[in-house]
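J.: mmCIF, C-alpha atoms, file target-v1.cif:
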data_data
loop_
_atom_site.label_atom_id
_atom_site.label_comp_id
_atom_site.auth_asym_id
_atom_site.auth_seq_id
_atom_site.Cartn_x
_atom_site.Cartn_y
_atom_site.Cartn_z
CA VAL A 138 4.37 -88.24 -148.06
CA PHE A 139 3.49 -87.80 -144.49
CA ASP A 140 5.75 -89.64 -142.09
CA SER A 141 3.68 -89.70 -138.97
CA SER A 142 4.21 -92.11 -136.14
CA ALA A 143 2.91 -91.86 -132.65
CA ILE A 144 5.21 -93.59 -130.24
CA PRO A 145 3.65 -94.53 -126.93
CA VAL A 146 5.72 -94.34 -123.83
CA GLN A 147 7.48 -97.53 -122.99
CA ASN A 148 6.47 -99.65 -120.07
CA PRO A 149 7.51 -97.59 -117.06
CA SER A 150 8.40 -100.72 -115.17
CA ALA A 151 11.40 -100.92 -117.43
CA TYR A 152 12.77 -97.89 -115.61
CA SER A 153 11.64 -98.71 -112.16
CA THR A 154 14.18 -98.37 -109.42
CA SER A 155 11.79 -98.74 -106.56
CA SER A 156 8.31 -99.88 -105.83
CA PRO A 157 5.56 -97.39 -106.57
CA PRO A 158 4.71 -95.30 -103.56
CA PRO A 159 1.56 -96.15 -101.67
CA SER A 160 0.14 -92.69 -102.02
CA THR A 161 0.21 -89.90 -104.53
CA GLU A 162 1.70 -87.16 -102.41
CA ILE A 163 4.60 -85.27 -103.87
CA VAL A 164 7.68 -86.01 -101.89
CA SER A 165 10.52 -88.40 -102.02
CA THR A 166 9.55 -92.01 -102.21
CA ILE A 167 13.03 -93.31 -101.78
CA ALA A 168 13.08 -96.16 -99.35
CA PRO A 169 15.94 -96.14 -96.91
CA THR A 170 18.74 -98.22 -98.23
CA PRO A 171 21.45 -99.51 -95.95
CA VAL A 172 24.51 -97.42 -96.45
CA PRO A 173 27.31 -99.56 -97.73
CA THR A 174 29.83 -97.85 -95.52
CA ALA A 175 31.23 -98.97 -92.25
CA ASN A 176 30.36 -95.86 -90.31
CA SER A 177 26.65 -95.85 -90.92
CA THR A 178 24.78 -94.56 -87.90
CA PRO A 179 21.11 -94.42 -87.07
CA VAL A 180 19.34 -91.14 -87.64
CA PRO A 181 19.11 -89.27 -84.37
CA SER A 182 15.65 -88.99 -82.99
CA LYS A 183 14.23 -85.60 -83.85
CA THR A 184 11.01 -83.77 -83.48
CA THR A 185 9.54 -81.18 -85.72
CA ALA A 186 9.30 -78.73 -82.86
CA PRO A 187 10.69 -75.35 -83.78
CA THR A 188 14.28 -74.82 -82.94
CA ALA A 189 16.59 -71.94 -83.39
CA PRO A 190 17.79 -71.43 -86.94
CA PRO A 191 21.35 -72.36 -87.73
CA SER A 192 23.49 -69.94 -85.86
CA SER A 193 26.11 -67.91 -87.58
CA ASP A 194 29.35 -69.34 -86.43
CA PRO A 195 31.48 -66.33 -85.52
CA ALA A 196 34.44 -68.21 -86.86
CA VAL A 197 32.82 -68.38 -90.25
CA SER A 198 32.48 -64.95 -91.70
CA ASN A 199 31.41 -65.93 -95.16
CA SER A 200 27.70 -66.30 -94.79
CA VAL A 201 25.10 -64.05 -96.32
CA SER A 202 21.67 -63.91 -94.82
CA SER A 203 19.76 -60.97 -96.11
CA SER A 204 16.70 -60.40 -98.18
CA GLU A 205 16.83 -56.64 -98.12
CA SER A 206 17.90 -56.08 -101.68
CA SER A 207 15.45 -56.25 -104.54
CA SER A 208 15.55 -58.42 -107.62
CA GLU A 209 16.30 -55.36 -109.70
CA SER A 210 19.96 -55.63 -110.44
CA SER A 211 22.67 -53.98 -112.42
CA SER A 212 24.32 -55.53 -115.41
CA ASP A 213 27.50 -55.89 -113.38
CA ILE A 214 25.76 -58.09 -110.92
CA GLU A 215 24.08 -59.98 -113.73
CA SER A 216 27.47 -60.74 -115.23
CA TYR A 217 28.60 -62.16 -111.88
CA PHE A 218 26.36 -65.12 -112.59
CA ASN A 219 27.70 -65.77 -116.07
CA ASN A 220 29.72 -68.98 -116.31
CA CYS A 221 27.97 -70.16 -113.21
CA ALA A 222 25.81 -73.20 -112.49
CA PHE A 223 23.22 -73.88 -109.84
CA VAL A 224 23.16 -77.53 -108.86
CA GLY A 225 20.53 -79.17 -106.75
CA ASP A 226 17.43 -81.25 -106.23
CA SER A 227 13.76 -80.44 -106.66
CA VAL A 228 14.00 -77.33 -104.50
CA THR A 229 16.60 -75.86 -106.85
CA GLU A 230 14.58 -77.04 -109.85
CA GLY A 231 11.72 -74.91 -108.55
CA LEU A 232 14.14 -72.01 -108.38
CA ALA A 233 15.22 -72.75 -111.96
CA GLN A 234 11.66 -72.58 -113.20
CA TYR A 235 11.09 -69.31 -111.38
CA VAL A 236 14.25 -67.86 -112.92
CA ARG A 237 13.23 -69.02 -116.40
CA LEU A 238 9.88 -67.35 -115.90
CA GLN A 239 11.57 -64.11 -114.85
CA ARG A 240 13.92 -64.29 -117.82
CA GLU A 241 10.95 -64.10 -120.17
CA ASN A 242 10.76 -60.45 -119.14
CA LYS A 243 14.07 -59.40 -117.64
CA PRO A 244 17.59 -60.62 -116.95
CA THR A 245 17.74 -62.78 -113.86
CA LEU A 246 20.91 -64.30 -112.38
CA GLY A 247 22.76 -63.48 -115.60
CA ASP A 248 22.99 -66.48 -117.85
CA ALA A 249 23.52 -68.90 -115.01
CA LYS A 250 22.83 -72.50 -115.92
CA PHE A 251 20.86 -74.96 -113.85
CA LEU A 252 21.58 -78.62 -113.29
CA THR A 253 18.62 -79.87 -111.33
CA THR A 254 16.27 -82.81 -111.12
CA THR A 255 13.07 -83.80 -109.39
CA ILE A 256 14.07 -87.46 -109.35
CA GLY A 257 14.89 -87.29 -105.62
CA ILE A 258 18.65 -87.09 -106.09
CA ARG A 259 20.75 -87.68 -102.97
CA LEU A 260 24.34 -87.00 -102.07
CA ALA A 261 24.47 -90.76 -101.58
CA ASP A 262 23.91 -91.02 -105.35
CA CYS A 263 26.52 -88.41 -106.21
CA ALA A 264 29.10 -89.95 -103.89
CA GLY A 265 28.60 -93.33 -105.52
CA ASP A 266 27.19 -95.18 -102.53
CA MET A 267 23.90 -96.41 -103.97
CA GLY A 268 25.06 -99.15 -106.29
CA SER A 269 22.37 -100.30 -108.69
CA ASP A 270 19.87 -97.93 -107.07
CA THR A 271 21.87 -94.87 -108.06
CA LEU A 272 19.89 -91.91 -109.36
CA PHE A 273 21.43 -89.48 -111.82
CA PHE A 274 21.01 -86.01 -113.18
CA SER A 275 19.93 -85.84 -116.81
CA PHE A 276 22.29 -83.75 -118.92
CA LYS A 277 22.53 -83.48 -122.70
CA GLY A 278 19.85 -86.10 -122.98
CA SER A 279 21.38 -88.83 -120.85
CA GLU A 280 21.81 -89.76 -117.21
CA ARG A 281 25.29 -88.93 -116.02
CA PRO A 282 27.35 -88.45 -112.87
CA LEU A 283 27.23 -84.97 -111.37
CA GLU A 284 30.92 -84.18 -111.77
CA GLU A 285 30.81 -85.18 -115.44
CA CYS A 286 27.89 -82.84 -116.07
CA ILE A 287 29.60 -79.93 -114.35
CA SER A 288 32.79 -80.58 -116.29
CA GLU A 289 30.93 -80.38 -119.58
CA MET A 290 28.98 -77.30 -118.57
CA GLY A 291 32.20 -75.32 -118.70
CA VAL A 292 31.41 -73.14 -115.72
CA ASP A 293 33.88 -71.66 -113.28
CA LYS A 294 31.50 -71.20 -110.36
CA VAL A 295 29.04 -73.68 -108.86
CA PHE A 296 26.32 -73.01 -106.31
CA ILE A 297 25.22 -76.29 -104.81
CA MET A 298 22.41 -77.24 -102.44
CA MET A 299 21.85 -80.90 -101.70
CA GLY A 300 21.20 -83.28 -98.83
CA MET A 301 17.50 -82.90 -98.14
CA ASN A 302 16.60 -86.10 -99.98
CA ASP A 303 19.26 -87.92 -97.97
CA LEU A 304 17.70 -86.72 -94.72
CA GLU A 305 14.24 -87.71 -95.92
CA ALA A 306 15.55 -91.13 -96.85
CA GLY A 307 16.80 -91.61 -93.30
CA PHE A 308 20.52 -91.22 -93.78
CA SER A 309 22.34 -89.71 -90.83
CA VAL A 310 23.74 -86.20 -90.79
CA SER A 311 27.28 -87.48 -90.40
CA ASP A 312 26.98 -89.90 -93.33
CA THR A 313 25.42 -87.19 -95.47
CA ILE A 314 28.20 -84.73 -94.65
CA ASP A 315 30.74 -87.41 -95.47
CA ARG A 316 29.05 -87.86 -98.83
CA TYR A 317 28.92 -84.10 -99.36
CA ASN A 318 32.67 -83.98 -98.88
CA ARG A 319 33.24 -86.84 -101.27
CA THR A 320 30.90 -85.29 -103.83
CA LEU A 321 32.82 -82.02 -103.65
CA ASP A 322 36.06 -83.96 -104.03
CA LYS A 323 34.71 -85.53 -107.21
CA ILE A 324 33.73 -82.15 -108.61
CA TYR A 325 37.15 -80.67 -107.86
CA ALA A 326 38.84 -83.66 -109.44
CA ALA A 327 36.75 -83.32 -112.58
CA VAL A 328 36.91 -79.52 -112.76
CA PRO A 329 40.13 -78.30 -111.16
CA GLY A 330 39.94 -74.68 -110.13
CA VAL A 331 36.18 -74.46 -110.08
CA ARG A 332 34.80 -72.32 -107.25
CA ILE A 333 32.10 -74.01 -105.22
CA ILE A 334 29.67 -72.04 -103.07
CA VAL A 335 27.43 -74.09 -100.82
CA GLU A 336 23.84 -73.08 -100.20
CA LEU A 337 22.32 -74.06 -96.87
CA ASN A 338 19.22 -76.17 -97.31
CA THR A 339 15.94 -74.33 -97.32
CA PRO A 340 13.45 -75.06 -94.54
CA LYS A 341 10.21 -76.99 -94.33
CA THR A 342 6.85 -75.52 -93.46
CA ALA A 343 5.54 -75.80 -89.91
CA THR A 344 3.25 -78.70 -90.67
CA GLU A 345 4.15 -81.89 -88.87
CA TRP A 346 2.53 -83.84 -91.66
CA LEU A 347 4.83 -86.16 -93.50
CA PRO A 348 3.93 -88.31 -96.44
CA PRO A 349 3.33 -91.93 -95.45
CA TYR A 350 6.21 -93.13 -97.57
CA CYS A 351 8.74 -90.67 -96.16
CA ALA A 352 11.20 -93.09 -94.65
CA ASN A 353 12.43 -90.75 -91.95
CA LYS A 354 9.50 -89.94 -89.67
CA ASP A 355 11.76 -87.52 -87.79
CA PHE A 356 12.33 -85.36 -90.85
CA GLY A 357 11.70 -81.71 -90.12
CA ASN A 358 13.28 -78.35 -89.47
CA ALA A 359 15.21 -79.56 -86.44
CA LEU A 360 17.01 -82.11 -88.59
CA ILE A 361 17.50 -79.65 -91.44
CA ASP A 362 19.00 -77.19 -88.93
CA GLU A 363 21.32 -79.85 -87.56
CA PHE A 364 22.42 -80.69 -91.08
CA ASN A 365 22.96 -77.06 -91.98
CA GLU A 366 25.11 -76.58 -88.89
CA ALA A 367 27.24 -79.47 -90.09
CA VAL A 368 27.37 -77.96 -93.58
CA ILE A 369 28.63 -74.69 -92.13
CA LYS A 370 31.39 -76.58 -90.33
CA MET A 371 32.22 -78.44 -93.53
CA CYS A 372 32.51 -75.16 -95.39
CA GLY A 373 34.70 -73.76 -92.64
CA SER A 374 37.05 -76.71 -92.73
CA ARG A 375 37.24 -76.68 -96.52
CA GLY A 376 37.47 -72.91 -96.89
CA LEU A 377 34.25 -72.66 -98.85
CA ALA A 378 31.80 -69.80 -98.91
CA TYR A 379 28.19 -70.54 -98.16
CA VAL A 380 24.91 -68.74 -98.63
CA ASP A 381 22.26 -69.01 -95.97
CA LEU A 382 19.03 -69.79 -97.81
CA ASN A 383 17.47 -71.17 -94.65
CA SER A 384 16.97 -68.39 -92.13
CA ILE A 385 15.83 -65.96 -94.84
CA LEU A 386 12.85 -68.23 -95.48
CA LYS A 387 11.78 -68.73 -91.87
CA ASP A 388 9.20 -67.03 -89.76
CA GLY A 389 9.14 -66.64 -85.98
CA ASN A 390 8.22 -70.29 -85.61
CA ASN A 391 11.47 -71.40 -87.19
CA ALA A 392 9.57 -72.77 -90.16
CA MET A 393 8.89 -71.73 -93.72
CA PRO A 394 5.67 -69.74 -94.00
CA ASP A 395 3.07 -71.46 -96.15
CA ASP A 396 3.15 -68.56 -98.60
CA TYR A 397 6.73 -69.42 -99.47
CA SER A 398 5.89 -73.00 -100.32
CA ARG A 399 4.24 -74.34 -103.43
CA ASP A 400 3.14 -77.61 -101.88
CA GLY A 401 2.88 -76.79 -98.16
CA TYR A 402 5.95 -78.91 -97.54
CA VAL A 403 9.43 -77.98 -98.76
CA HIS A 404 9.14 -76.76 -102.36
CA LEU A 405 9.30 -73.03 -103.04
CA SER A 406 6.50 -70.86 -104.36
CA ASN A 407 7.27 -67.86 -106.54
CA ASP A 408 7.33 -65.69 -103.40
CA GLY A 409 9.81 -68.03 -101.76
CA ALA A 410 11.95 -68.25 -104.87
CA LYS A 411 12.07 -64.46 -105.14
CA ILE A 412 13.56 -64.26 -101.65
CA VAL A 413 16.20 -66.77 -102.63
CA VAL A 414 17.06 -64.85 -105.79
CA ASP A 415 17.37 -61.66 -103.76
CA ALA A 416 19.71 -63.40 -101.32
CA LEU A 417 21.84 -64.60 -104.22
CA TYR A 418 22.11 -61.04 -105.53
CA ASP A 419 23.11 -59.93 -102.04
CA PHE A 420 25.81 -62.56 -102.00
CA ALA A 421 27.00 -61.52 -105.46
CA GLU A 422 27.24 -57.88 -104.45
CA LYS A 423 29.22 -58.70 -101.31
CA ASP A 424 31.45 -61.08 -103.20
CA THR A 425 32.07 -58.47 -105.87
CA ARG A 426 33.08 -56.02 -103.13
CA GLY A 427 35.47 -58.62 -101.73
CA GLU A 428 33.45 -59.12 -98.59
CA ILE A 429 33.16 -62.89 -98.92
CA HIS A 430 36.12 -64.67 -97.45
CA GLU A 431 36.80 -68.32 -98.02
CA MET B 45 -14.67 -86.21 -175.23
CA SER B 46 -15.62 -83.34 -172.98
CA LYS B 47 -16.87 -85.88 -170.41
CA ARG B 48 -13.47 -87.56 -170.44
CA ILE B 49 -11.76 -84.24 -169.93
CA LEU B 50 -14.02 -83.42 -167.00
CA LEU B 51 -13.33 -86.80 -165.43
CA LEU B 52 -9.62 -86.29 -165.91
CA ILE B 53 -9.79 -82.87 -164.33
CA PHE B 54 -11.84 -84.23 -161.40
CA ALA B 55 -9.45 -87.13 -160.90
CA SER B 56 -6.51 -84.77 -161.01
CA PHE B 57 -8.20 -82.53 -158.45
CA ILE B 58 -8.84 -85.45 -156.11
CA LEU B 59 -5.28 -86.65 -156.55
CA LEU B 60 -3.80 -83.22 -156.02
CA THR B 61 -5.92 -82.34 -153.00
CA GLY B 62 -5.28 -85.77 -151.55
CA CYS B 63 -1.56 -85.43 -152.01
CA ALA B 64 -1.62 -81.89 -150.77
CA LYS B 65 -3.47 -82.88 -147.66
CA SER B 66 -1.12 -85.75 -146.85
CA SER B 67 1.98 -83.59 -147.32
CA VAL B 68 0.79 -80.53 -145.45
CA ALA B 69 3.45 -79.52 -142.99
CA LEU B 70 2.40 -78.77 -139.45
CA PRO B 71 2.34 -75.09 -138.49
CA PRO B 72 5.53 -73.52 -137.12
CA PRO B 73 6.31 -74.68 -133.56
CA ALA B 74 5.25 -71.45 -131.87
CA ASP B 75 1.96 -71.39 -133.78
CA LEU B 76 1.32 -75.03 -133.04
CA TYR B 77 1.98 -74.50 -129.35
CA ALA B 78 -0.37 -71.51 -129.34
CA THR B 79 -3.06 -73.67 -130.90
CA ILE B 80 -2.52 -76.35 -128.27
CA ALA B 81 -2.71 -73.77 -125.51
CA GLN B 82 -6.00 -72.53 -126.95
CA THR B 83 -7.37 -76.03 -127.30
CA VAL B 84 -6.59 -77.51 -123.90
CA THR B 85 -6.12 -76.14 -120.43
CA LEU B 86 -2.44 -76.16 -119.60
CA PRO B 87 -1.01 -75.21 -116.22
CA GLU B 88 1.24 -72.17 -116.06
CA MET B 89 4.10 -73.03 -118.38
CA VAL B 90 7.64 -71.69 -118.71
CA SER B 91 9.56 -71.53 -121.97
CA LEU B 92 13.03 -72.90 -122.42
CA PRO B 93 15.23 -70.88 -124.80
CA GLN B 94 16.47 -72.71 -127.87
CA ASP B 95 20.11 -72.23 -126.87
CA GLN B 96 19.47 -74.42 -123.83
CA PHE B 97 18.20 -77.36 -125.87
CA PRO B 98 21.67 -78.96 -126.08
CA ASP B 99 22.15 -79.15 -122.30
CA PHE B 100 18.53 -79.87 -121.48
CA TYR B 101 17.65 -82.39 -124.17
CA GLY B 102 20.89 -83.18 -125.94
CA ILE B 103 19.37 -81.60 -129.06
CA GLU B 104 21.99 -79.52 -130.87
CA THR B 105 20.84 -76.18 -132.23
CA ASP B 106 21.93 -77.01 -135.77
CA TRP B 107 19.63 -80.02 -135.78
CA PHE B 108 16.58 -77.82 -136.07
CA THR B 109 15.32 -74.72 -137.79
CA ASP B 110 12.76 -73.77 -135.19
CA ALA B 111 11.66 -75.08 -131.82
CA VAL B 112 9.74 -74.37 -128.66
CA SER B 113 9.78 -76.06 -125.28
CA TYR B 114 7.40 -75.40 -122.44
CA THR B 115 7.56 -77.04 -119.03
CA CYS B 116 5.32 -76.52 -116.06
CA LEU B 117 6.24 -73.66 -113.72
CA ASP B 118 5.49 -76.07 -110.89
CA SER B 119 8.36 -78.41 -111.58
CA LEU B 120 6.63 -81.19 -109.67
CA GLN B 121 3.99 -81.36 -112.39
CA PRO B 122 4.77 -83.38 -115.51
CA ASP B 123 3.31 -81.20 -118.24
CA GLU B 124 5.77 -80.62 -121.05
CA ILE B 125 5.27 -79.63 -124.67
CA VAL B 126 8.28 -79.70 -126.97
CA ILE B 127 7.88 -79.03 -130.69
CA VAL B 128 10.95 -79.09 -132.91
CA LYS B 129 11.12 -78.50 -136.65
CA ALA B 130 14.09 -80.59 -137.71
CA ALA B 131 16.59 -79.49 -140.30
CA ASP B 132 16.20 -82.75 -142.21
CA LYS B 133 15.05 -86.32 -141.89
CA ASN B 134 18.27 -87.50 -140.25
CA THR B 135 18.16 -84.88 -137.54
CA ALA B 136 14.45 -85.52 -137.09
CA ASP B 137 15.32 -89.08 -136.14
CA GLN B 138 18.05 -87.86 -133.77
CA ILE B 139 15.64 -85.44 -132.14
CA GLN B 140 13.04 -88.15 -131.77
CA GLU B 141 15.59 -90.32 -130.00
CA LYS B 142 16.46 -87.53 -127.59
CA LEU B 143 12.84 -86.77 -126.80
CA GLN B 144 12.17 -90.44 -126.16
CA ALA B 145 15.08 -90.37 -123.71
CA ARG B 146 13.54 -87.33 -122.07
CA LEU B 147 10.23 -89.14 -121.70
CA ALA B 148 12.01 -92.15 -120.23
CA TYR B 149 13.73 -89.92 -117.66
CA LYS B 150 10.42 -88.29 -116.79
CA THR B 151 9.04 -91.76 -116.18
CA LYS B 152 11.84 -92.48 -113.75
CA VAL B 153 11.29 -89.17 -112.00
CA ALA B 154 7.61 -89.91 -111.56
CA GLU B 155 8.26 -93.37 -110.19
CA ASN B 156 10.79 -92.05 -107.71
CA TYR B 157 9.38 -88.73 -106.65
CA THR B 158 6.12 -87.60 -108.22
CA PRO B 159 3.80 -90.61 -108.41
CA ASP B 160 0.85 -88.33 -109.13
CA SER B 161 2.43 -87.77 -112.52
CA ILE B 162 2.67 -91.39 -113.56
CA PRO B 163 -0.66 -91.57 -115.45
CA SER B 164 0.11 -88.45 -117.51
CA ILE B 165 3.61 -89.59 -118.32
CA GLN B 166 2.53 -93.10 -119.20
CA LYS B 167 0.27 -91.54 -121.80
CA GLY B 168 3.04 -89.24 -122.99
CA VAL B 169 3.78 -89.24 -126.69
CA VAL B 170 6.78 -88.65 -128.88
CA ARG B 171 5.73 -88.30 -132.48
CA GLN B 172 7.23 -87.36 -135.80
CA ASP B 173 5.06 -85.57 -138.34
CA GLY B 174 7.21 -84.92 -141.34
CA LEU B 175 10.08 -82.85 -140.00
CA THR B 176 8.16 -81.81 -136.91
CA VAL B 177 9.06 -83.86 -133.85
CA SER B 178 7.05 -83.40 -130.68
CA LEU B 179 7.08 -84.49 -127.06
CA LEU B 180 3.63 -84.16 -125.58
CA VAL B 181 2.91 -84.72 -121.89
CA SER B 182 -0.37 -83.37 -120.57
CA LYS B 183 -3.44 -84.47 -118.70
CA ASP B 184 -5.28 -83.55 -121.90
CA ILE B 185 -3.06 -85.61 -124.16
CA ASP B 186 -5.99 -87.14 -126.03
CA ALA B 187 -7.22 -83.71 -127.11
CA ILE B 188 -3.72 -82.71 -128.19
CA VAL B 189 -3.24 -85.86 -130.25
CA LYS B 190 -6.64 -85.30 -131.83
CA LEU B 191 -5.55 -81.77 -132.69
CA TYR B 192 -2.38 -83.04 -134.34
CA ASP B 193 -4.26 -85.67 -136.30
CA GLY B 194 -6.75 -83.07 -137.44
CA LEU B 195 -3.95 -80.97 -138.91
CA LYS B 196 -2.85 -83.73 -141.28
#
Could you render the structure from this file as structure tokens?
T.:
Amino acid sequence: VFDSSAIPVQNPSAYSTSSPPPSTEIVSTIAPTPVPTANSTPVPSKTTAPTAPPSSDPAVSNSVSSSESSSESSSDIESYFNNCAFVGDSVTEGLAQYVRLQRENKPTLGDAKFLTTTIGIRLADCAGDMGSDTLFFSFKGSERPLEECISEMGVDKVFIMMGMNDLEAGFSVSDTIDRYNRTLDKIYAAVPGVRIIVELNTPKTATEWLPPYCANKDFGNALIDEFNEAVIKMCGSRGLAYVDLNSILKDGNNAMPDDYSRDGYVHLSNDGAKIVVDALYDFAEKDTRGEIHE
Amino acid sequence: MSKRILLLIFASFILLTGCAKSSVALPPPADLYATIAQTVTLPEMVSLPQDQFPDFYGIETDWFTDAVSYTCLDSLQPDEIVIVKAADKNTADQIQEKLQARLAYKTKVAENYTPDSIPSIQKGVVRQDGLTVSLLVSKDIDAIVKLYDGLK
């Protein structure tokens, strides 16, 4: 006997964590929430005028910023990405989809796993500062803290890129770096010995347009650059390697060319994702040769 | 006498065809997805390998005998078609629970980040047809549901 039952989606208001956005544009709708920490500071006033890309700190010799290699890779390099996870927000989720598409035809980034979400996840969520407004990754069918997910993934290497949603929400660079540090601490506590490689945040296109519900009206490449500079310093102080996924995606105007963006804002097109994948292979090759120093 | 036999045969035929129709299993997941893709216009979709179902959905590989999952290449779009042939009735129920959780998470995502997707996700469906459990999220959901119902 046929057992057929259509189950309509439940009332979405049951899951609501914020008011519906006033428009239908695709960007974070997270309203700025006061940071429940004592050292909360206002977001510095920024413009979207082009600025120089994050400089390579001579003291930090672990960056990789090259898109010269192709996506064609040897099996040795493929195996570099085994037991590895890429963690991030909607930008990394776009990369994940691109990689899955490539894998339908050829090996791409080994069998690296992806832990990503388009929910607008912030470091403020991962650090545990958002209280009842906390957003989570979904893993194994349920919403769980980042460090718990990574622990269960059983990987020994994690590439992480986060912070853009924090900047969009209006959190300061210093608070976001503080949360990055605390998030990394949580990961290390949950997965002792795991190697973490930080990816610098990818850029925004040159448009000065921002969605009406973007809390931080000063969000743009200048702020992303400032944040990435702070990330580089964080990596230096913690002895972490980082991969520059920012300057490789910029044109002469210090912005991401429209061709590299799927939505004319911050999310990567296939062309943009390919450049990122190439940069990751570059990093893997240099790391394999022992040229990455932490 | 012969009239009675004919009636009996006719009644048996009706009964058998009726039963057969109501117990027809849906096509294999890949075939069903192909039919959906031919019936409605889907955006460019990307397949998720079966061995990633545990991490992605919480659906263990020994819960099913066959499965496909397709999500939109543009991860900001909500389209998602998941068709799983469960190993048995118990695992079918477990799979249905996991796909409902997936739909609930997609709802949260839409409310927080991709409000354009809310209408499609609100109309999203998790359904169980025999041992086939499906998650269907598409702008053309009505046509897909009609297709499913037509296969019964």
J.: Restricting the calculation to all atoms listed in the file: of B:Val170, B:Ala131, B:Ile125, B:Leu86, which residue gets closest to chain A?
T.: B:Val170
J.: Show me which bits of chain B are within 9 Å of chain A, counting all atoms listed in the file, as a PyMOL selection string.
T.: chain B and resi 63+66-69+89-93+96-103+115-120+142-162+165-175+189+196
J.: Please produce a file of those selected residues containing C-alpha atoms, as a short mmCIF file (atom, residue, chain, number, x, y, z; two decimals), in the coordinates of the input.
T.:
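In the end it all went to result.cif:
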data_model
loop_
_atom_site.label_atom_id
_atom_site.label_comp_id
_atom_site.auth_asym_id
_atom_site.auth_seq_id
_atom_site.Cartn_x
_atom_site.Cartn_y
_atom_site.Cartn_z
CA CYS B 63 -1.56 -85.43 -152.01
CA SER B 66 -1.12 -85.75 -146.85
CA SER B 67 1.98 -83.59 -147.32
CA VAL B 68 0.79 -80.53 -145.45
CA ALA B 69 3.45 -79.52 -142.99
CA MET B 89 4.10 -73.03 -118.38
CA VAL B 90 7.64 -71.69 -118.71
CA SER B 91 9.56 -71.53 -121.97
CA LEU B 92 13.03 -72.90 -122.42
CA PRO B 93 15.23 -70.88 -124.80
CA GLN B 96 19.47 -74.42 -123.83
CA PHE B 97 18.20 -77.36 -125.87
CA PRO B 98 21.67 -78.96 -126.08
CA ASP B 99 22.15 -79.15 -122.30
CA PHE B 100 18.53 -79.87 -121.48
CA TYR B 101 17.65 -82.39 -124.17
CA GLY B 102 20.89 -83.18 -125.94
CA ILE B 103 19.37 -81.60 -129.06
CA THR B 115 7.56 -77.04 -119.03
CA CYS B 116 5.32 -76.52 -116.06
CA LEU B 117 6.24 -73.66 -113.72
CA ASP B 118 5.49 -76.07 -110.89
CA SER B 119 8.36 -78.41 -111.58
CA LEU B 120 6.63 -81.19 -109.67
CA LYS B 142 16.46 -87.53 -127.59
CA LEU B 143 12.84 -86.77 -126.80
CA GLN B 144 12.17 -90.44 -126.16
CA ALA B 145 15.08 -90.37 -123.71
CA ARG B 146 13.54 -87.33 -122.07
CA LEU B 147 10.23 -89.14 -121.70
CA ALA B 148 12.01 -92.15 -120.23
CA TYR B 149 13.73 -89.92 -117.66
CA LYS B 150 10.42 -88.29 -116.79
CA THR B 151 9.04 -91.76 -116.18
CA LYS B 152 11.84 -92.48 -113.75
CA VAL B 153 11.29 -89.17 -112.00
CA ALA B 154 7.61 -89.91 -111.56
CA GLU B 155 8.26 -93.37 -110.19
CA ASN B 156 10.79 -92.05 -107.71
CA TYR B 157 9.38 -88.73 -106.65
CA THR B 158 6.12 -87.60 -108.22
CA PRO B 159 3.80 -90.61 -108.41
CA ASP B 160 0.85 -88.33 -109.13
CA SER B 161 2.43 -87.77 -112.52
CA ILE B 162 2.67 -91.39 -113.56
CA ILE B 165 3.61 -89.59 -118.32
CA GLN B 166 2.53 -93.10 -119.20
CA LYS B 167 0.27 -91.54 -121.80
CA GLY B 168 3.04 -89.24 -122.99
CA VAL B 169 3.78 -89.24 -126.69
CA VAL B 170 6.78 -88.65 -128.88
CA ARG B 171 5.73 -88.30 -132.48
CA GLN B 172 7.23 -87.36 -135.80
CA ASP B 173 5.06 -85.57 -138.34
CA GLY B 174 7.21 -84.92 -141.34
CA LEU B 175 10.08 -82.85 -140.00
CA VAL B 189 -3.24 -85.86 -130.25
CA LYS B 196 -2.85 -83.73 -141.28
#
J.: Excluding same-chain residues fewer than 4 positions from Ser374 of chain A, what lies within 10 Å of it counting all atoms listed in the file, as a PyMOL selection string?
T.: chain A and resi 197+368-370+431
J.: Translate the PyMOL selection byres ((chain A and resi 288) around 10), as applied to the file shown, into an explicit residue set as a list in words.
T.: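 Applied to this file, the PyMOL selection byres ((chain A and resi 288) around 10) returns Leu283, Glu284, Glu285, Cys286, Ile287, Glu289, Met290, Gly291, Val292, Asp293, Ile324, Tyr325, Ala326, Ala327, Val328, Pro329 and Val331 of chain A.
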J.: Those same residues - C-alpha atoms - I'd like them written as a tab-separated table (two decimals), keeping the file's coordinate frame.
T.:
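Okay, this is what ended up in selection00.tsv:
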chain	number	residue	atom	x	y	z
A	283	LEU	CA	27.23	-84.97	-111.37
A	284	GLU	CA	30.92	-84.18	-111.77
A	285	GLU	CA	30.81	-85.18	-115.44
A	286	CYS	CA	27.89	-82.84	-116.07
A	287	ILE	CA	29.60	-79.93	-114.35
A	289	GLU	CA	30.93	-80.38	-119.58
A	290	MET	CA	28.98	-77.30	-118.57
A	291	GLY	CA	32.20	-75.32	-118.70
A	292	VAL	CA	31.41	-73.14	-115.72
A	293	ASP	CA	33.88	-71.66	-113.28
A	324	ILE	CA	33.73	-82.15	-108.61
A	325	TYR	CA	37.15	-80.67	-107.86
A	326	ALA	CA	38.84	-83.66	-109.44
A	327	ALA	CA	36.75	-83.32	-112.58
A	328	VAL	CA	36.91	-79.52	-112.76
A	329	PRO	CA	40.13	-78.30	-111.16
A	331	VAL	CA	36.18	-74.46	-110.08
J.: Determine the residue set returned by the PyMOL selection byres ((chain B and resi 184) around 12) for the present structure, and present it as a list in words.
T.: Ile80, Ala81, Thr83, Val84, Thr85, Leu86, Pro87, Pro122, Asp123, Glu124, Ile125, Pro163, Ser164, Ile165, Lys167, Gly168, Val169, Leu180, Val181, Ser182, Lys183, Ile185, Asp186, Ala187, Ile188, Val189, Lys190 and Leu191 of chain B
